[in-house]
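S.K.: Sharing entry39.cif below, mmCIF, C-alpha atoms:
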data_target
#
loop_
_atom_site.group_PDB
_atom_site.id
_atom_site.type_symbol
_atom_site.label_atom_id
_atom_site.label_comp_id
_atom_site.auth_asym_id
_atom_site.auth_seq_id
_atom_site.Cartn_x
_atom_site.Cartn_y
_atom_site.Cartn_z
ATOM 1 C CA MET A 1 -11.049 10.095 21.561
ATOM 2 C CA HIS A 2 -8.525 10.170 18.722
ATOM 3 C CA ILE A 3 -9.174 7.777 15.837
ATOM 4 C CA VAL A 4 -6.673 7.409 12.986
ATOM 5 C CA VAL A 5 -7.824 5.786 9.754
ATOM 6 C CA CYS A 6 -5.203 4.496 7.321
ATOM 7 C CA VAL A 7 -6.319 4.994 3.712
ATOM 8 C CA LYS A 8 -4.857 4.167 0.323
ATOM 9 C CA GLN A 9 -5.220 5.507 -3.194
ATOM 10 C CA VAL A 10 -5.859 2.626 -5.604
ATOM 11 C CA PRO A 11 -6.713 2.241 -9.296
ATOM 12 C CA ASP A 12 -10.313 1.426 -10.097
ATOM 13 C CA THR A 13 -9.996 -2.329 -10.660
ATOM 14 C CA LYS A 14 -13.186 -2.395 -12.746
ATOM 15 C CA ILE A 15 -11.277 -0.550 -15.464
ATOM 16 C CA ILE A 16 -7.580 -1.308 -14.940
ATOM 17 C CA LYS A 17 -5.567 -3.432 -17.376
ATOM 18 C CA ILE A 18 -2.426 -5.546 -17.039
ATOM 19 C CA ASN A 19 0.718 -4.613 -18.972
ATOM 20 C CA PRO A 20 1.485 -7.732 -21.100
ATOM 21 C CA LYS A 21 5.212 -6.922 -21.237
ATOM 22 C CA THR A 22 5.861 -6.332 -17.543
ATOM 23 C CA ASN A 23 3.007 -8.453 -16.108
ATOM 24 C CA THR A 24 2.177 -5.611 -13.716
ATOM 25 C CA LEU A 25 -0.878 -3.403 -13.199
ATOM 26 C CA ASP A 26 -1.032 -0.555 -15.694
ATOM 27 C CA ARG A 27 -2.077 2.104 -13.209
ATOM 28 C CA ARG A 28 -2.378 4.709 -15.947
ATOM 29 C CA SER A 29 -5.245 2.775 -17.518
ATOM 30 C CA ALA A 30 -7.710 3.544 -14.716
ATOM 31 C CA PRO A 31 -8.654 6.520 -12.518
ATOM 32 C CA ALA A 32 -7.331 6.599 -8.948
ATOM 33 C CA ILE A 33 -9.917 6.265 -6.177
ATOM 34 C CA LEU A 34 -10.136 5.907 -2.415
ATOM 35 C CA ASN A 35 -9.866 2.205 -1.600
ATOM 36 C CA PRO A 36 -13.528 1.161 -1.018
ATOM 37 C CA TYR A 37 -12.778 -0.743 2.196
ATOM 38 C CA ASP A 38 -10.993 2.344 3.536
ATOM 39 C CA ALA A 39 -14.035 4.485 2.784
ATOM 40 C CA HIS A 40 -16.039 2.222 5.086
ATOM 41 C CA ALA A 41 -13.269 2.530 7.686
ATOM 42 C CA VAL A 42 -13.601 6.338 7.610
ATOM 43 C CA GLN A 43 -17.392 6.073 7.806
ATOM 44 C CA GLU A 44 -17.101 3.804 10.861
ATOM 45 C CA ALA A 45 -14.769 6.311 12.530
ATOM 46 C CA VAL A 46 -17.428 8.981 11.954
ATOM 47 C CA LYS A 47 -20.064 6.750 13.572
ATOM 48 C CA ILE A 48 -17.851 6.188 16.620
ATOM 49 C CA LYS A 49 -17.072 9.898 16.880
ATOM 50 C CA GLU A 50 -20.793 10.704 16.908
ATOM 51 C CA LYS A 51 -21.117 8.564 20.059
ATOM 52 C CA THR A 52 -17.856 9.383 21.867
ATOM 53 C CA GLY A 53 -16.751 12.756 20.544
ATOM 54 C CA GLY A 54 -13.128 13.444 19.637
ATOM 55 C CA ILE A 55 -11.306 13.829 16.332
ATOM 56 C CA ILE A 56 -10.606 11.691 13.282
ATOM 57 C CA SER A 57 -7.290 11.792 11.445
ATOM 58 C CA VAL A 58 -6.573 9.995 8.193
ATOM 59 C CA LEU A 59 -3.129 8.820 7.129
ATOM 60 C CA SER A 60 -1.908 7.735 3.722
ATOM 61 C CA MET A 61 1.347 6.963 1.945
ATOM 62 C CA GLY A 62 1.690 7.747 -1.721
ATOM 63 C CA PRO A 63 2.559 10.308 -4.401
ATOM 64 C CA PRO A 64 1.448 13.958 -4.088
ATOM 65 C CA GLN A 65 -1.798 13.268 -5.959
ATOM 66 C CA ALA A 66 -2.886 11.003 -3.076
ATOM 67 C CA THR A 67 -4.015 14.217 -1.366
ATOM 68 C CA GLU A 68 -7.264 13.697 -3.309
ATOM 69 C CA ILE A 69 -8.239 10.634 -1.270
ATOM 70 C CA ILE A 70 -7.475 12.541 1.919
ATOM 71 C CA ARG A 71 -9.874 15.257 0.775
ATOM 72 C CA LYS A 72 -12.411 12.533 0.020
ATOM 73 C CA SER A 73 -11.968 11.281 3.606
ATOM 74 C CA ILE A 74 -12.506 14.818 4.887
ATOM 75 C CA GLU A 75 -15.684 14.916 2.834
ATOM 76 C CA ILE A 76 -16.907 11.714 4.546
ATOM 77 C CA GLY A 77 -16.244 13.266 7.948
ATOM 78 C CA ALA A 78 -12.564 13.140 8.956
ATOM 79 C CA ASP A 79 -11.059 16.195 10.681
ATOM 80 C CA LYS A 80 -7.371 16.068 9.713
ATOM 81 C CA GLY A 81 -5.275 14.400 7.033
ATOM 82 C CA TYR A 82 -1.637 13.331 6.804
ATOM 83 C CA LEU A 83 0.232 12.187 3.702
ATOM 84 C CA ILE A 84 3.728 10.703 3.809
ATOM 85 C CA SER A 85 5.248 11.208 0.401
ATOM 86 C CA ASP A 86 8.886 10.687 -0.535
ATOM 87 C CA ARG A 87 10.818 8.873 -3.271
ATOM 88 C CA ALA A 88 12.307 6.745 -0.494
ATOM 89 C CA PHE A 89 8.889 5.089 -0.034
ATOM 90 C CA ALA A 90 8.566 4.078 -3.711
ATOM 91 C CA GLY A 91 8.181 0.394 -4.518
ATOM 92 C CA ALA A 92 7.243 -0.579 -0.957
ATOM 93 C CA ASP A 93 5.612 -3.939 -0.339
ATOM 94 C CA THR A 94 3.352 -4.591 2.657
ATOM 95 C CA LEU A 95 6.307 -5.012 5.027
ATOM 96 C CA ALA A 96 7.919 -1.696 4.090
ATOM 97 C CA THR A 97 4.535 0.044 3.952
ATOM 98 C CA SER A 98 3.596 -1.029 7.482
ATOM 99 C CA TYR A 99 6.995 0.180 8.713
ATOM 100 C CA ALA A 100 6.613 3.623 7.103
ATOM 101 C CA LEU A 101 3.037 4.054 8.330
ATOM 102 C CA SER A 102 3.969 2.971 11.856
ATOM 103 C CA LYS A 103 6.640 5.684 11.950
ATOM 104 C CA ALA A 104 4.072 8.267 10.885
ATOM 105 C CA LEU A 105 1.642 6.974 13.524
ATOM 106 C CA GLU A 106 4.333 7.301 16.190
ATOM 107 C CA LYS A 107 4.754 10.949 15.214
ATOM 108 C CA ILE A 108 0.987 11.543 15.234
ATOM 109 C CA ASN A 109 0.727 9.794 18.612
ATOM 110 C CA LYS A 110 3.271 12.187 20.126
ATOM 111 C CA GLU A 111 1.218 15.159 18.949
ATOM 112 C CA HIS A 112 -2.139 13.694 20.036
ATOM 113 C CA PRO A 113 -2.304 10.213 21.653
ATOM 114 C CA VAL A 114 -4.092 7.706 19.420
ATOM 115 C CA ASP A 115 -6.889 5.576 20.900
ATOM 116 C CA LEU A 116 -7.994 3.586 17.879
ATOM 117 C CA ILE A 117 -6.557 2.792 14.430
ATOM 118 C CA ILE A 118 -8.945 1.622 11.719
ATOM 119 C CA CYS A 119 -7.981 0.159 8.342
ATOM 120 C CA GLY A 120 -9.962 -1.367 5.512
ATOM 121 C CA LYS A 121 -9.889 -5.166 5.329
ATOM 122 C CA HIS A 122 -7.535 -4.950 2.351
ATOM 123 C CA ALA A 123 -6.702 -2.798 -0.663
ATOM 124 C CA ILE A 124 -8.396 -3.841 -3.902
ATOM 125 C CA ASP A 125 -5.147 -3.541 -5.886
ATOM 126 C CA GLY A 126 -3.026 -5.832 -3.687
ATOM 127 C CA ASP A 127 -5.695 -7.812 -1.830
ATOM 128 C CA THR A 128 -3.255 -9.033 0.857
ATOM 129 C CA GLY A 129 -4.782 -7.717 4.089
ATOM 130 C CA GLN A 130 -1.293 -7.544 5.612
ATOM 131 C CA VAL A 131 -0.651 -3.852 6.214
ATOM 132 C CA GLY A 132 -3.119 -3.379 9.087
ATOM 133 C CA PRO A 133 -1.851 -6.317 11.177
ATOM 134 C CA GLY A 134 1.722 -5.317 10.246
ATOM 135 C CA ILE A 135 1.175 -1.849 11.730
ATOM 136 C CA ALA A 136 -0.325 -3.348 14.897
ATOM 137 C CA ARG A 137 2.649 -5.699 15.302
ATOM 138 C CA ARG A 138 5.155 -2.874 14.946
ATOM 139 C CA MET A 139 3.248 -0.689 17.421
ATOM 140 C CA ASP A 140 2.676 -3.601 19.843
ATOM 141 C CA ILE A 141 -1.104 -3.186 19.987
ATOM 142 C CA PRO A 142 -3.849 -5.808 19.462
ATOM 143 C CA PRO A 143 -4.997 -6.336 15.842
ATOM 144 C CA ILE A 144 -8.632 -7.373 15.293
ATOM 145 C CA THR A 145 -9.467 -8.303 11.703
ATOM 146 C CA ASN A 146 -12.650 -8.795 9.647
ATOM 147 C CA VAL A 147 -14.698 -6.500 11.897
ATOM 148 C CA ILE A 148 -18.361 -6.155 10.936
ATOM 149 C CA GLU A 149 -19.626 -4.224 13.971
ATOM 150 C CA VAL A 150 -18.211 -1.966 16.666
ATOM 151 C CA THR A 151 -20.703 -2.599 19.445
ATOM 152 C CA GLU A 152 -19.293 -0.410 22.186
ATOM 153 C CA VAL A 153 -16.367 1.897 22.918
ATOM 154 C CA ASN A 154 -15.866 2.349 26.666
ATOM 155 C CA GLN A 155 -13.527 5.287 27.170
ATOM 156 C CA LYS A 156 -13.617 4.998 30.955
ATOM 157 C CA GLU A 157 -12.565 1.338 30.962
ATOM 158 C CA LYS A 158 -10.370 1.781 27.860
ATOM 159 C CA THR A 159 -12.029 -1.129 26.052
ATOM 160 C CA VAL A 160 -13.811 -1.772 22.773
ATOM 161 C CA LEU A 161 -16.380 -4.495 22.079
ATOM 162 C CA ILE A 162 -16.518 -5.709 18.485
ATOM 163 C CA LYS A 163 -18.039 -8.413 16.314
ATOM 164 C CA ARG A 164 -15.844 -10.044 13.706
ATOM 165 C CA LYS A 165 -16.555 -12.477 10.901
ATOM 166 C CA LEU A 166 -15.018 -15.956 10.799
ATOM 167 C CA THR A 167 -15.158 -18.547 8.022
ATOM 168 C CA ASN A 168 -17.684 -20.588 10.002
ATOM 169 C CA GLY A 169 -19.485 -17.991 12.106
ATOM 170 C CA TYR A 170 -18.930 -14.872 14.166
ATOM 171 C CA GLU A 171 -16.889 -13.900 17.198
ATOM 172 C CA LEU A 172 -17.434 -11.256 19.869
ATOM 173 C CA ILE A 173 -14.220 -9.754 21.224
ATOM 174 C CA GLN A 174 -13.492 -7.251 23.947
ATOM 175 C CA SER A 175 -10.115 -5.615 23.513
ATOM 176 C CA GLU A 176 -8.158 -3.003 25.368
ATOM 177 C CA ILE A 177 -7.454 0.230 23.567
ATOM 178 C CA PRO A 178 -5.389 1.406 21.809
ATOM 179 C CA CYS A 179 -5.929 -1.346 19.256
ATOM 180 C CA LEU A 180 -6.206 -1.695 15.472
ATOM 181 C CA LEU A 181 -9.292 -2.825 13.562
ATOM 182 C CA THR A 182 -9.580 -3.913 9.938
ATOM 183 C CA VAL A 183 -13.157 -3.634 8.718
ATOM 184 C CA GLU A 184 -15.378 -5.333 6.156
ATOM 185 C CA LYS A 185 -17.609 -3.379 3.763
ATOM 186 C CA GLU A 186 -20.735 -4.703 5.489
ATOM 187 C CA ILE A 187 -19.888 -2.800 8.676
ATOM 188 C CA ASN A 188 -21.840 0.238 7.427
ATOM 189 C CA GLU A 189 -23.273 2.135 4.481
ATOM 190 C CA ILE A 190 -21.435 5.166 3.111
ATOM 191 C CA GLU A 191 -23.655 8.139 3.862
ATOM 192 C CA TYR A 192 -24.184 11.231 1.728
ATOM 193 C CA SER A 193 -21.818 13.992 2.798
ATOM 194 C CA PRO A 194 -23.300 17.299 3.971
ATOM 195 C CA MET A 195 -22.469 20.431 1.991
ATOM 196 C CA THR A 196 -20.279 21.752 4.826
ATOM 197 C CA ASN A 197 -18.040 18.687 4.541
ATOM 198 C CA MET A 198 -17.788 19.094 0.777
ATOM 199 C CA ILE A 199 -16.739 22.721 1.098
ATOM 200 C CA LYS A 200 -14.202 21.872 3.803
ATOM 201 C CA ALA A 201 -12.782 19.032 1.687
ATOM 202 C CA ALA A 202 -12.410 21.239 -1.403
ATOM 203 C CA ARG A 203 -10.377 23.770 0.587
ATOM 204 C CA TYR A 204 -8.438 21.347 2.762
ATOM 205 C CA GLU A 205 -4.652 21.077 2.479
ATOM 206 C CA PRO A 206 -3.292 17.870 4.070
ATOM 207 C CA ILE A 207 -0.158 17.815 6.201
ATOM 208 C CA ILE A 208 2.633 16.284 4.087
ATOM 209 C CA TRP A 209 5.692 14.610 5.632
ATOM 210 C CA ALA A 210 8.877 13.315 4.027
ATOM 211 C CA VAL A 211 11.310 10.780 5.489
ATOM 212 C CA SER A 212 13.358 13.631 6.956
ATOM 213 C CA ASP A 213 10.394 14.553 9.181
ATOM 214 C CA PHE A 214 10.649 11.287 11.137
ATOM 215 C CA GLU A 215 13.017 10.280 13.931
ATOM 216 C CA ASN A 216 14.997 7.032 14.134
ATOM 217 C CA VAL A 217 14.056 5.772 10.692
ATOM 218 C CA GLU A 218 16.024 2.884 9.214
ATOM 219 C CA ARG A 219 16.093 3.705 5.519
ATOM 220 C CA SER A 220 17.003 0.097 4.725
ATOM 221 C CA GLN A 221 13.438 -0.840 5.738
ATOM 222 C CA LEU A 222 11.804 1.628 3.322
ATOM 223 C CA GLY A 223 10.787 1.324 -0.324
ATOM 224 C CA LEU A 224 12.356 -1.324 -2.532
ATOM 225 C CA LYS A 225 15.261 -1.861 -0.133
ATOM 226 C CA GLY A 226 12.907 -2.851 2.636
ATOM 227 C CA SER A 227 10.664 -5.001 0.430
ATOM 228 C CA PRO A 228 11.502 -8.722 0.290
ATOM 229 C CA THR A 229 8.369 -9.506 -1.764
ATOM 230 C CA ILE A 230 8.961 -10.263 -5.451
ATOM 231 C CA VAL A 231 6.031 -10.593 -7.863
ATOM 232 C CA GLY A 232 6.998 -13.201 -10.430
ATOM 233 C CA LYS A 233 4.024 -12.757 -12.722
ATOM 234 C CA MET A 234 0.580 -11.181 -12.815
ATOM 235 C CA PHE A 235 -2.070 -12.200 -15.307
ATOM 236 C CA THR A 236 -5.777 -12.074 -15.989
ATOM 237 C CA PRO A 237 -7.349 -15.462 -15.184
ATOM 238 C CA PRO A 238 -9.192 -17.151 -18.077
ATOM 239 C CA ARG A 239 -12.925 -16.731 -18.207
ATOM 240 C CA PRO A 240 -14.824 -19.774 -16.924
ATOM 241 C CA GLU A 241 -16.276 -21.981 -19.640
ATOM 242 C CA GLY A 242 -20.018 -21.995 -20.064
ATOM 243 C CA GLY A 243 -22.143 -25.087 -19.634
ATOM 244 C CA LYS A 244 -22.611 -27.578 -22.454
ATOM 245 C CA ARG A 245 -26.089 -28.108 -23.833
ATOM 246 C CA LEU A 246 -27.213 -31.695 -24.378
ATOM 247 C CA GLU A 247 -29.371 -32.186 -27.443
ATOM 248 C CA GLY A 248 -31.102 -35.026 -29.245
ATOM 249 C CA ALA A 249 -33.131 -37.960 -28.033
ATOM 250 C CA ILE A 250 -32.984 -39.076 -24.396
ATOM 251 C CA ASP A 251 -30.640 -41.978 -25.191
ATOM 252 C CA GLU A 252 -28.301 -39.630 -27.062
ATOM 253 C CA GLN A 253 -28.312 -37.120 -24.194
ATOM 254 C CA VAL A 254 -27.486 -39.879 -21.698
ATOM 255 C CA LYS A 255 -24.546 -40.983 -23.863
ATOM 256 C CA GLN A 256 -23.305 -37.375 -24.157
ATOM 257 C CA LEU A 257 -23.587 -36.964 -20.390
ATOM 258 C CA MET A 258 -21.635 -40.172 -19.704
ATOM 259 C CA ASP A 259 -18.930 -39.096 -22.153
ATOM 260 C CA LEU A 260 -18.620 -35.754 -20.345
ATOM 261 C CA LEU A 261 -18.438 -37.466 -16.950
ATOM 262 C CA MET A 262 -15.674 -39.766 -18.175
ATOM 263 C CA GLU A 263 -13.709 -36.771 -19.461
ATOM 264 C CA LYS A 264 -13.966 -35.133 -16.035
ATOM 265 C CA LYS A 265 -13.639 -38.305 -13.956
ATOM 266 C CA GLU A 266 -10.508 -36.998 -12.213
ATOM 267 C CA LEU A 267 -12.712 -34.332 -10.602
ATOM 268 C CA LEU A 268 -15.077 -36.898 -9.157
ATOM 269 C CA THR A 269 -14.437 -38.589 -5.802
ATOM 270 C CA ILE A 270 -16.251 -41.583 -4.352
ATOM 271 C CA GLN A 271 -16.331 -42.195 -0.620
ATOM 272 C CA ILE A 272 -17.221 -45.658 0.637
ATOM 273 C CA SER A 273 -18.347 -45.929 4.235
ATOM 274 C CA LYS A 274 -17.404 -49.117 6.068
#
Kindly transcribe the structure held in the file into structure tokens.
M.R.:
Amino acid sequence: MHIVVCVKQVPDTKIIKINPKTNTLDRRSAPAILNPYDAHAVQEAVKIKEKTGGIISVLSMGPPQATEIIRKSIEIGADKGYLISDRAFAGADTLATSYALSKALEKINKEHPVDLIICGKHAIDGDTGQVGPGIARRMDIPPITNVIEVTEVNQKEKTVLIKRKLTNGYELIQSEIPCLLTVEKEINEIEYSPMTNMIKAARYEPIIWAVSDFENVERSQLGLKGSPTIVGKMFTPPRPEGGKRLEGAIDEQVKQLMDLLMEKKELLTIQISK
């Protein structure tokens, strides 16, 4: 069983600020971390490996310092790590990112056939949830999103049984493998890493590929050239207003309440049943 987990280095959004001049994330204002959803994806791969055996590879695209999140994935329990890093990838949106990662996955697949690809539900810096399904579409494999449980992996039948979350309930799906899963945080709890994993992670050197290491790459689909998405503006939403306290006698409070309701009457709807 060969599981590949796609991971991303993101700024800690609890700390990050927005540049008021450029209306973009000021990535220098916060430390870089492993995307939390991706950490759960790695942990789920470890759980599957404990049942089926095999190896876990992690794949990321980013600058050289993204090797740190690969080491973090090794610490959680991954076996190998790949980083694609090249100036040609800079400025990629989700379309260009899924293209670059799919090319890396094709190369990995030639070295060791891939049975399962796992991604986090979305990255906390972009929050689009588009890269995972984009990879699946390019590789012509089934994408299954919002997964909260991997119930069974049947290597003999080449199937996987999963539970996914919907807006109004849950859905059980059996899919053929290879396939791609995007997982929710609730799928598992991140476990404490054993000392052996920590030592391995500290010494681990990921495999780094540039664009020149791939075959049949259309450079027009990479980086800014391959990114049709344009962000017009990014801003911090205003804080919600607190409630208003009504004071005085009962009659006065009723009058204040009616005045408030009249101010907000456009938010009120009345339905009359015939």
S.K.: Would you translate the PyMOL selection byres ((chain A and resi 105-117) around 10) into the concrete set of residues it matches in this file, as a ChimeraX atom specification?
M.R.: /A:1-6,41,45,55-59,82,99-104,118-119,132,135-136,139,141,143,153,155,158-160,176-182,213-215
S.K.: Carefully work through the PyMOL selection byres ((chain A and resi 94) around 12) for this structure and note down the residues it includes, as a PyMOL selection string.
M.R.: chain A and resi 61+89-93+95-102+122-123+126-135+221-224+226-230
S.K.: What would the file look like if the residues just selected were written as a PDB file, keeping the file's coordinate frame with C-alpha atoms?
M.R.:
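The new file again13.pdb reads:
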ATOM      1  CA  MET A  61       1.347   6.963   1.945  1.00  0.00           C
ATOM      2  CA  PHE A  89       8.889   5.089  -0.034  1.00  0.00           C
ATOM      3  CA  ALA A  90       8.566   4.078  -3.711  1.00  0.00           C
ATOM      4  CA  GLY A  91       8.181   0.394  -4.518  1.00  0.00           C
ATOM      5  CA  ALA A  92       7.243  -0.579  -0.957  1.00  0.00           C
ATOM      6  CA  ASP A  93       5.612  -3.939  -0.339  1.00  0.00           C
ATOM      7  CA  LEU A  95       6.307  -5.012   5.027  1.00  0.00           C
ATOM      8  CA  ALA A  96       7.919  -1.696   4.090  1.00  0.00           C
ATOM      9  CA  THR A  97       4.535   0.044   3.952  1.00  0.00           C
ATOM     10  CA  SER A  98       3.596  -1.029   7.482  1.00  0.00           C
ATOM     11  CA  TYR A  99       6.995   0.180   8.713  1.00  0.00           C
ATOM     12  CA  ALA A 100       6.613   3.623   7.103  1.00  0.00           C
ATOM     13  CA  LEU A 101       3.037   4.054   8.330  1.00  0.00           C
ATOM     14  CA  SER A 102       3.969   2.971  11.856  1.00  0.00           C
ATOM     15  CA  HIS A 122      -7.535  -4.950   2.351  1.00  0.00           C
ATOM     16  CA  ALA A 123      -6.702  -2.798  -0.663  1.00  0.00           C
ATOM     17  CA  GLY A 126      -3.026  -5.832  -3.687  1.00  0.00           C
ATOM     18  CA  ASP A 127      -5.695  -7.812  -1.830  1.00  0.00           C
ATOM     19  CA  THR A 128      -3.255  -9.033   0.857  1.00  0.00           C
ATOM     20  CA  GLY A 129      -4.782  -7.717   4.089  1.00  0.00           C
ATOM     21  CA  GLN A 130      -1.293  -7.544   5.612  1.00  0.00           C
ATOM     22  CA  VAL A 131      -0.651  -3.852   6.214  1.00  0.00           C
ATOM     23  CA  GLY A 132      -3.119  -3.379   9.087  1.00  0.00           C
ATOM     24  CA  PRO A 133      -1.851  -6.317  11.177  1.00  0.00           C
ATOM     25  CA  GLY A 134       1.722  -5.317  10.246  1.00  0.00           C
ATOM     26  CA  ILE A 135       1.175  -1.849  11.730  1.00  0.00           C
ATOM     27  CA  GLN A 221      13.438  -0.840   5.738  1.00  0.00           C
ATOM     28  CA  LEU A 222      11.804   1.628   3.322  1.00  0.00           C
ATOM     29  CA  GLY A 223      10.787   1.324  -0.324  1.00  0.00           C
ATOM     30  CA  LEU A 224      12.356  -1.324  -2.532  1.00  0.00           C
ATOM     31  CA  GLY A 226      12.907  -2.851   2.636  1.00  0.00           C
ATOM     32  CA  SER A 227      10.664  -5.001   0.430  1.00  0.00           C
ATOM     33  CA  PRO A 228      11.502  -8.722   0.290  1.00  0.00           C
ATOM     34  CA  THR A 229       8.369  -9.506  -1.764  1.00  0.00           C
ATOM     35  CA  ILE A 230       8.961 -10.263  -5.451  1.00  0.00           C
TER      36      ILE A 230
END
S.K.: Each side padded by 6 Å, which centre and which edge lengths in Å (one decimal) define the axis-aligned box around the listed atoms of region 250-264 of chain A? Give them as AutoDock Vina command-line options.
M.R.:
--center_x -23.3 --center_y -38.6 --center_z -21.5 --size_x 31.3 --size_y 18.8 --size_z 23.0
S.K.: Could you write out as a ChimeraX atom specification the residues that the PyMOL selection byres ((chain A and resi 152) around 12) matches in the shown file?
M.R.: /A:47-49,51-52,149-151,153-163,172-177
S.K.: Go ahead and compute the interatomic distance for CA of Ile124 (chain A) and CA of Ile70 (chain A), in Å to one decimal.
M.R.: 17.4 Å
S.K.: Rank A:Trp209, A:Ile190, A:Ile148, A:Ile199 by their smallest atom-to-atom distance to Pro63 (chain A), using only C-alpha atoms, and report the top residue only.
M.R.: A:Trp209
S.K.: For Lys8 (chain A), which residue out of A:Asp86, A:Glu68, A:Glu75, A:Glu252 is the nearest one, using all atoms listed in the file?
M.R.: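 Of all the options, A:Glu68 lies closest to Lys8 (chain A).
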S.K.: I'd like the interatomic distance between CA of Gln65 (chain A) and CA of Ile208 (chain A), to a tenth of an Å.
M.R.: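 Those two atoms sit 11.4 Å apart.
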S.K.: Find the residue from A:Leu257, A:Ile144, A:Ala78, A:Leu83 that sits nearest to Val42 (chain A); use only C-alpha atoms when measuring.
M.R.: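 The shortest atom-to-atom distance to Val42 (chain A) comes from A:Ala78.
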S.K.: Select, from A:Lys225, A:Arg203, A:Arg239, A:Arg219, the residue with the minimum atom-to-atom distance to Thr67 (chain A), counting all atoms listed in the file.
M.R.: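 Of the candidates, the smallest distance to Thr67 (chain A) is held by A:Arg203.
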S.K.: Have a look at CA of Asn188 (chain A) and CA of Thr167 (chain A) and let me know their distance in Å, one decimal.
M.R.: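 Distance reported for this atom pair: 19.9 Å.
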S.K.: List the neighbours of Asn197 (chain A) out to 8 Å using all atoms listed in the file; skip same-chain residues closer than 2 positions along the sequence, and give me the result as a PyMOL selection string.
M.R.: chain A and resi 74-77+193-195+199-201
S.K.: Using C-alpha atoms, can you write the selected residues to a file as a JSON list (two decimals), in the coordinates of the input?
M.R.:
[["chain", "number", "residue", "atom", "x", "y", "z"],
["A", 74, "ILE", "CA", -12.51, 14.82, 4.89],
["A", 75, "GLU", "CA", -15.68, 14.92, 2.83],
["A", 76, "ILE", "CA", -16.91, 11.71, 4.55],
["A", 77, "GLY", "CA", -16.24, 13.27, 7.95],
["A", 193, "SER", "CA", -21.82, 13.99, 2.80],
["A", 194, "PRO", "CA", -23.30, 17.30, 3.97],
["A", 195, "MET", "CA", -22.47, 20.43, 1.99],
["A", 199, "ILE", "CA", -16.74, 22.72, 1.10],
["A", 200, "LYS", "CA", -14.20, 21.87, 3.80],
["A", 201, "ALA", "CA", -12.78, 19.03, 1.69]]
S.K.: I need region 74-88 of chain A written out with N, CA and C atoms, as a PDB file, in the first residue's frame; please produce it.
M.R.:
ATOM      1  N   ILE A  74       7.160  13.644   8.809  1.00  0.00           N
ATOM      2  CA  ILE A  74       7.956  12.464   9.154  1.00  0.00           C
ATOM      3  C   ILE A  74       7.831  12.172  10.640  1.00  0.00           C
ATOM      4  N   GLU A  75       7.805  13.232  11.430  1.00  0.00           N
ATOM      5  CA  GLU A  75       7.653  13.079  12.876  1.00  0.00           C
ATOM      6  C   GLU A  75       6.309  12.431  13.224  1.00  0.00           C
ATOM      7  N   ILE A  76       5.250  12.795  12.492  1.00  0.00           N
ATOM      8  CA  ILE A  76       3.926  12.203  12.733  1.00  0.00           C
ATOM      9  C   ILE A  76       3.911  10.726  12.356  1.00  0.00           C
ATOM     10  N   GLY A  77       4.707  10.372  11.301  1.00  0.00           N
ATOM     11  CA  GLY A  77       4.746   8.961  10.934  1.00  0.00           C
ATOM     12  C   GLY A  77       4.949   8.657   9.468  1.00  0.00           C
ATOM     13  N   ALA A  78       5.150   9.686   8.628  1.00  0.00           N
ATOM     14  CA  ALA A  78       5.410   9.447   7.206  1.00  0.00           C
ATOM     15  C   ALA A  78       6.797   8.826   7.023  1.00  0.00           C
ATOM     16  N   ASP A  79       6.990   8.151   5.878  1.00  0.00           N
ATOM     17  CA  ASP A  79       8.262   7.475   5.609  1.00  0.00           C
ATOM     18  C   ASP A  79       9.182   8.274   4.689  1.00  0.00           C
ATOM     19  N   LYS A  80       8.596   8.952   3.695  1.00  0.00           N
ATOM     20  CA  LYS A  80       9.398   9.689   2.716  1.00  0.00           C
ATOM     21  C   LYS A  80       8.774  11.057   2.483  1.00  0.00           C
ATOM     22  N   GLY A  81       9.581  11.996   2.003  1.00  0.00           N
ATOM     23  CA  GLY A  81       9.065  13.333   1.732  1.00  0.00           C
ATOM     24  C   GLY A  81       9.624  13.916   0.455  1.00  0.00           C
ATOM     25  N   TYR A  82       8.751  14.553  -0.319  1.00  0.00           N
ATOM     26  CA  TYR A  82       9.135  15.196  -1.578  1.00  0.00           C
ATOM     27  C   TYR A  82       8.727  16.660  -1.539  1.00  0.00           C
ATOM     28  N   LEU A  83       9.629  17.531  -1.987  1.00  0.00           N
ATOM     29  CA  LEU A  83       9.327  18.952  -2.098  1.00  0.00           C
ATOM     30  C   LEU A  83       9.610  19.393  -3.522  1.00  0.00           C
ATOM     31  N   ILE A  84       8.624  20.012  -4.183  1.00  0.00           N
ATOM     32  CA  ILE A  84       8.891  20.608  -5.490  1.00  0.00           C
ATOM     33  C   ILE A  84       9.070  22.106  -5.260  1.00  0.00           C
ATOM     34  N   SER A  85      10.222  22.589  -5.618  1.00  0.00           N
ATOM     35  CA  SER A  85      10.593  23.962  -5.310  1.00  0.00           C
ATOM     36  C   SER A  85      11.337  24.565  -6.499  1.00  0.00           C
ATOM     37  N   ASP A  86      10.764  25.627  -7.049  1.00  0.00           N
ATOM     38  CA  ASP A  86      11.341  26.260  -8.232  1.00  0.00           C
ATOM     39  C   ASP A  86      10.676  27.627  -8.387  1.00  0.00           C
ATOM     40  N   ARG A  87      11.426  28.619  -8.859  1.00  0.00           N
ATOM     41  CA  ARG A  87      10.841  29.943  -9.070  1.00  0.00           C
ATOM     42  C   ARG A  87       9.684  29.889 -10.060  1.00  0.00           C
ATOM     43  N   ALA A  88       9.681  28.888 -10.921  1.00  0.00           N
ATOM     44  CA  ALA A  88       8.613  28.759 -11.915  1.00  0.00           C
ATOM     45  C   ALA A  88       7.264  28.481 -11.262  1.00  0.00           C
TER      46      ALA A  88
END
